[in-house]
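Asks: The structure under discussion is supplied below as structure tokens; questions concerning it will follow.
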Amino acid sequence: MSGFLQPAYGDRSIGDVVPAVAAALGVGIGQPPTGLGLPPASAYVVFLVDGLGARQLERHAHAAPFLAGLLAEQAPGTAGVPSTTATSLTSLGTGLVPGAHGLVGFTTRVPGTDRLLNALLWDKDVDPLEWQPNPTAFTRLHESGGCATVVNKREFARSGLTLAAHRGAEYVGADKVGERLAAAVASSSERGSLTYLYDGDLDWTGHRYGVSSHQWLQQLAMIDAEAEQLRETLPADVRLLVVADHGMVDSPLQSRIDVDEVAELRTGVALLGGEARFRHLYCHRGAVADVVAAWTEVLGDRAEVLAREAAVERGWFGAVSPSVRPRLGDVVVACRGDVAVLSTSAFPYEARLVGLHGSLTPEEMLIPLLLS
């Protein structure tokens, strides 16, 4: 897989964070030990910065001296596949691989229908507890005598993604940075507690303006100050773990392919899902081999085009449960370099994005695991 990075499931992936924290708190949650070892502490605060890839932080260390200093001392981890927010946040909240928890992309087909589930906006006709029926790691932590708190914007309190990924934790709505920091400090005062704090502004800025833009660098500097202030405010016996859900790449216009302009890419495809860097292709009956051949011919070495079973065999999604398998595309397309595969008719907003993610490049897969 030239140019790709295999997810480190069971070792140092985003799904290993909460089980490792639980072990450090001395609370068993019924999951196998991971390769991520954390020191004991009275409490942990896990601060997730959406879109902060380890490669981007290393490249722009001057804008984030506090976080970059921690990165220089600690090995990164990986996102899961695809390297996208809904998948990673659910892996963090459940401690499961994507193939087990079932949120396997930004948009995926609802089996038996011609509809896509947008995992961030959700769908009123899809029950999040049925879509993701496994108990979360937060639930298991609570049942084992620990406690978990989620600190996030009020609008996300009852979202489908929150219910699927983070149920079992007490939810504290906090819209402003100061509110969120104060809430994290308060909740971490309880021994044996895990507090999960989320900030999505860097990801939004990267999508809108691009990684390395002036706007992105300014936002990174603000995130760095937020993390440093949080560390200074927390008691010494509370550990801070700064993580991310994925990195990001900028995709210039010349690296973008619009499937609406290439007839061969539409033939045999009933429904286009996923996102621009990692597509799920849901095919007409009997068309999988032809779709793989056509997409491979058109894209060449710009992407890896695999039938579902081949992607599963490579371990991209971890062990895949039977109920999750039909949510995966009959064919999956993982882009290399800075390539993006768009559909201006199905997903017009994608054409307005500069920074993108979802594939298996180190830029997207490597995430910081920064302990302070």
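Each chain in the structure tokens gets a letter, A, B and so on, in the order shown; residues start at 1 in every chain, and ligands are counted from 1 in the order they appear.
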Any idea what's packed within 8 Å of stretch 37-44 of chain A, counting only C-alpha atoms, ignoring anything in its chain fewer than 6 positions away? Could you give it as a PDB file with C-alpha atoms, in the first residue's frame?
Replies:
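Output file result18.pdb is given in full below:
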ATOM      1  CA  ALA A  20      -5.945   2.900  28.347  1.00  0.00           C
ATOM      2  CA  VAL A  21      -7.297   5.733  30.511  1.00  0.00           C
ATOM      3  CA  ALA A  23      -6.595   1.073  33.099  1.00  0.00           C
ATOM      4  CA  ALA A  24      -4.617   4.086  34.352  1.00  0.00           C
ATOM      5  CA  LEU A  25      -7.531   4.953  36.658  1.00  0.00           C
ATOM      6  CA  GLY A  26      -7.500   1.398  37.988  1.00  0.00           C
ATOM      7  CA  SER A 188     -12.038  16.189  36.853  1.00  0.00           C
ATOM      8  CA  SER A 189     -12.097  16.971  40.577  1.00  0.00           C
ATOM      9  CA  GLU A 190     -13.749  13.597  41.168  1.00  0.00           C
ATOM     10  CA  ARG A 191     -11.315  10.718  41.651  1.00  0.00           C
ATOM     11  CA  GLY A 192     -11.510   7.952  39.092  1.00  0.00           C
ATOM     12  CA  SER A 193     -13.062  10.260  36.513  1.00  0.00           C
ATOM     13  CA  LEU A 194     -12.536  10.677  32.788  1.00  0.00           C
ATOM     14  CA  THR A 195     -13.531  13.981  31.221  1.00  0.00           C
ATOM     15  CA  ASP A 237      -2.553  14.813  40.054  1.00  0.00           C
ATOM     16  CA  VAL A 238      -4.917  15.083  37.069  1.00  0.00           C
ATOM     17  CA  ARG A 239      -3.370  14.100  33.746  1.00  0.00           C
ATOM     18  CA  LEU A 240      -4.172  15.825  30.470  1.00  0.00           C
ATOM     19  CA  LEU A 241      -4.144  13.773  27.263  1.00  0.00           C
TER      20      LEU A 241
END
Asks: For A:Tyr198, find every residue with an atom within 10 Å (counting only C-alpha atoms), except residues of its own chain fewer than 6 positions away, and show them as a ChimeraX atom specification.
Replies: /A:46-50,89,150-153,180,243-244
Asks: Any chance you could export the current selection's N, CA and C atoms as a PDB file, in the first residue's frame?
Replies:
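Listing of selection.pdb after writing:
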ATOM      1  N   VAL A  46      -9.306  14.106  28.653  1.00  0.00           N
ATOM      2  CA  VAL A  46      -8.947  13.820  27.263  1.00  0.00           C
ATOM      3  C   VAL A  46      -9.483  14.964  26.415  1.00  0.00           C
ATOM      4  N   PHE A  47      -8.573  15.744  25.857  1.00  0.00           N
ATOM      5  CA  PHE A  47      -8.914  16.919  25.056  1.00  0.00           C
ATOM      6  C   PHE A  47      -8.714  16.554  23.596  1.00  0.00           C
ATOM      7  N   LEU A  48      -9.820  16.406  22.853  1.00  0.00           N
ATOM      8  CA  LEU A  48      -9.728  16.045  21.444  1.00  0.00           C
ATOM      9  C   LEU A  48      -9.856  17.284  20.570  1.00  0.00           C
ATOM     10  N   VAL A  49      -8.829  17.517  19.765  1.00  0.00           N
ATOM     11  CA  VAL A  49      -8.799  18.641  18.825  1.00  0.00           C
ATOM     12  C   VAL A  49      -9.096  18.086  17.438  1.00  0.00           C
ATOM     13  N   ASP A  50     -10.268  18.369  16.935  1.00  0.00           N
ATOM     14  CA  ASP A  50     -10.685  17.855  15.633  1.00  0.00           C
ATOM     15  C   ASP A  50      -9.770  18.407  14.537  1.00  0.00           C
ATOM     16  N   LEU A  89     -14.605   9.595  16.393  1.00  0.00           N
ATOM     17  CA  LEU A  89     -15.263   9.921  17.660  1.00  0.00           C
ATOM     18  C   LEU A  89     -16.002   8.715  18.221  1.00  0.00           C
ATOM     19  N   VAL A 150     -18.754  14.163  29.297  1.00  0.00           N
ATOM     20  CA  VAL A 150     -18.507  14.752  27.979  1.00  0.00           C
ATOM     21  C   VAL A 150     -18.796  16.239  28.072  1.00  0.00           C
ATOM     22  N   VAL A 151     -17.827  17.065  27.661  1.00  0.00           N
ATOM     23  CA  VAL A 151     -17.999  18.514  27.630  1.00  0.00           C
ATOM     24  C   VAL A 151     -17.963  18.945  26.171  1.00  0.00           C
ATOM     25  N   ASN A 152     -19.088  19.442  25.682  1.00  0.00           N
ATOM     26  CA  ASN A 152     -19.189  19.797  24.270  1.00  0.00           C
ATOM     27  C   ASN A 152     -20.287  20.839  24.103  1.00  0.00           C
ATOM     28  N   LYS A 153     -20.481  21.320  22.895  1.00  0.00           N
ATOM     29  CA  LYS A 153     -21.492  22.341  22.642  1.00  0.00           C
ATOM     30  C   LYS A 153     -22.888  21.804  22.960  1.00  0.00           C
ATOM     31  N   ARG A 180     -16.052  25.638  28.576  1.00  0.00           N
ATOM     32  CA  ARG A 180     -15.598  24.259  28.439  1.00  0.00           C
ATOM     33  C   ARG A 180     -14.433  23.959  29.379  1.00  0.00           C
ATOM     34  N   VAL A 243      -5.463  14.629  22.150  1.00  0.00           N
ATOM     35  CA  VAL A 243      -5.514  13.715  21.012  1.00  0.00           C
ATOM     36  C   VAL A 243      -6.238  14.406  19.854  1.00  0.00           C
ATOM     37  N   ALA A 244      -6.295  13.714  18.727  1.00  0.00           N
ATOM     38  CA  ALA A 244      -7.046  14.205  17.568  1.00  0.00           C
ATOM     39  C   ALA A 244      -7.756  13.037  16.920  1.00  0.00           C
TER      40      ALA A 244
END
Asks: For A:Arg55, which residue out of A:Pro368, A:Pro128, A:Gly178, A:Pro348 is the nearest one, using only C-alpha atoms?
Replies: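 Under the stated criterion, the closest residue is A:Pro368.
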Asks: If DSSP is run on the backbone, what residues of stretch 221-269 of chain A are strand (DSSP E or B)? A reply as an NGL selection string would be ideal.
Replies: :A and (238-244 or 249-250 or 256-258 or 269)
Asks: List as a VMD selection string the protein and nucleic acid residues near A:Gly173, meaning an atom at most 12 Å away when only C-alpha atoms are counted, but skip any in the same chain fewer than 3 places from it.
Replies: chain A and resid 149 to 158 170 176 to 177 179 to 184 197 to 198
Asks: Quick one: everything within 12 Å of A:Val242, counting only C-alpha atoms, minus sequence neighbours fewer than 4 positions away in the same chain. Send it as a VMD selection string.
Replies: chain A and resid 14 17 44 to 50 52 to 54 66 to 68 70 to 71 74 76 to 77 195 to 199 223 to 224 226 to 228 230 to 231 367 to 372
Asks: Could you tell me how far atom CA of A:Ala86 sits from atom CA of A:Gly99, in Å to one decimal place?
Replies: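 Going from atom CA of A:Gly99 over to atom CA of A:Ala86, I get 13.2 Å.
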Asks: For each of A:Ala8, A:Leu366, A:Ala63, A:Val97, take the minimum atom-to-atom distance to A:His214, counting only C-alpha atoms, then give the residue where this is smallest.
Replies: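 Ranking A:Ala8, A:Leu366, A:Ala63, A:Val97 by distance to A:His214, first place goes to A:Ala63.
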Asks: Leaving out A:Asp203 and any residue of its chain fewer than 4 positions from it, which residues lie within 12 Å of it when counting only C-alpha atoms, given as an MDAnalysis selection string?
Replies: chainID A and resid 48:53 56 84:85 198:199 207:211 215:217 219:220 223 244:249 353:357
Asks: Could you tell me how far atom CA of A:His166 lies from atom CA of A:Ser91, in Å and to one decimal?
Replies: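 Here the two named atoms are 9.8 Å from each other.
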Asks: As a ChimeraX atom specification, which residues of stretch 112-302 of chain A does DSSP assign to helix (DSSP H, G or I)?
Replies: /A:128-131,137-143,154-156,160-166,177-187,201-209,214-233,253-255,259-261,263-266,288-302
Asks: When you look at stretch 316-327 of chain A with a cut-off of 6 Å (counting only C-alpha atoms), what residues show up, excluding the ones that are within fewer than 6 positions of it in the same chain? I need them as a count of residues only.
Replies: 8
Asks: Which neighbours of A:Gly358 fall inside 6 Å, counting only C-alpha atoms, when residues of the same chain fewer than 3 positions from it are skipped, and could you give them as an mmCIF file with N, CA and C atoms, in the first residue's frame?
Replies:
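Result saved to around_6.cif:
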data_model
loop_
_atom_site.group_PDB
_atom_site.id
_atom_site.type_symbol
_atom_site.label_atom_id
_atom_site.label_comp_id
_atom_site.auth_asym_id
_atom_site.auth_seq_id
_atom_site.Cartn_x
_atom_site.Cartn_y
_atom_site.Cartn_z
ATOM 1 N N PRO A 82 -12.436 4.911 7.702
ATOM 2 C CA PRO A 82 -11.773 6.075 7.152
ATOM 3 C C PRO A 82 -11.365 7.078 8.243
ATOM 4 N N SER A 83 -10.401 7.913 7.907
ATOM 5 C CA SER A 83 -9.888 8.896 8.867
ATOM 6 C C SER A 83 -10.801 10.122 8.854
ATOM 7 N N THR A 84 -11.949 9.948 9.485
ATOM 8 C CA THR A 84 -12.961 10.991 9.470
ATOM 9 C C THR A 84 -13.601 11.117 10.841
ATOM 10 N N ARG A 277 -12.134 11.979 -0.064
ATOM 11 C CA ARG A 277 -10.859 11.258 0.032
ATOM 12 C C ARG A 277 -11.046 9.752 0.232
ATOM 13 N N PHE A 278 -12.267 9.337 0.578
ATOM 14 C CA PHE A 278 -12.537 7.910 0.791
ATOM 15 C C PHE A 278 -13.976 7.633 0.396
#
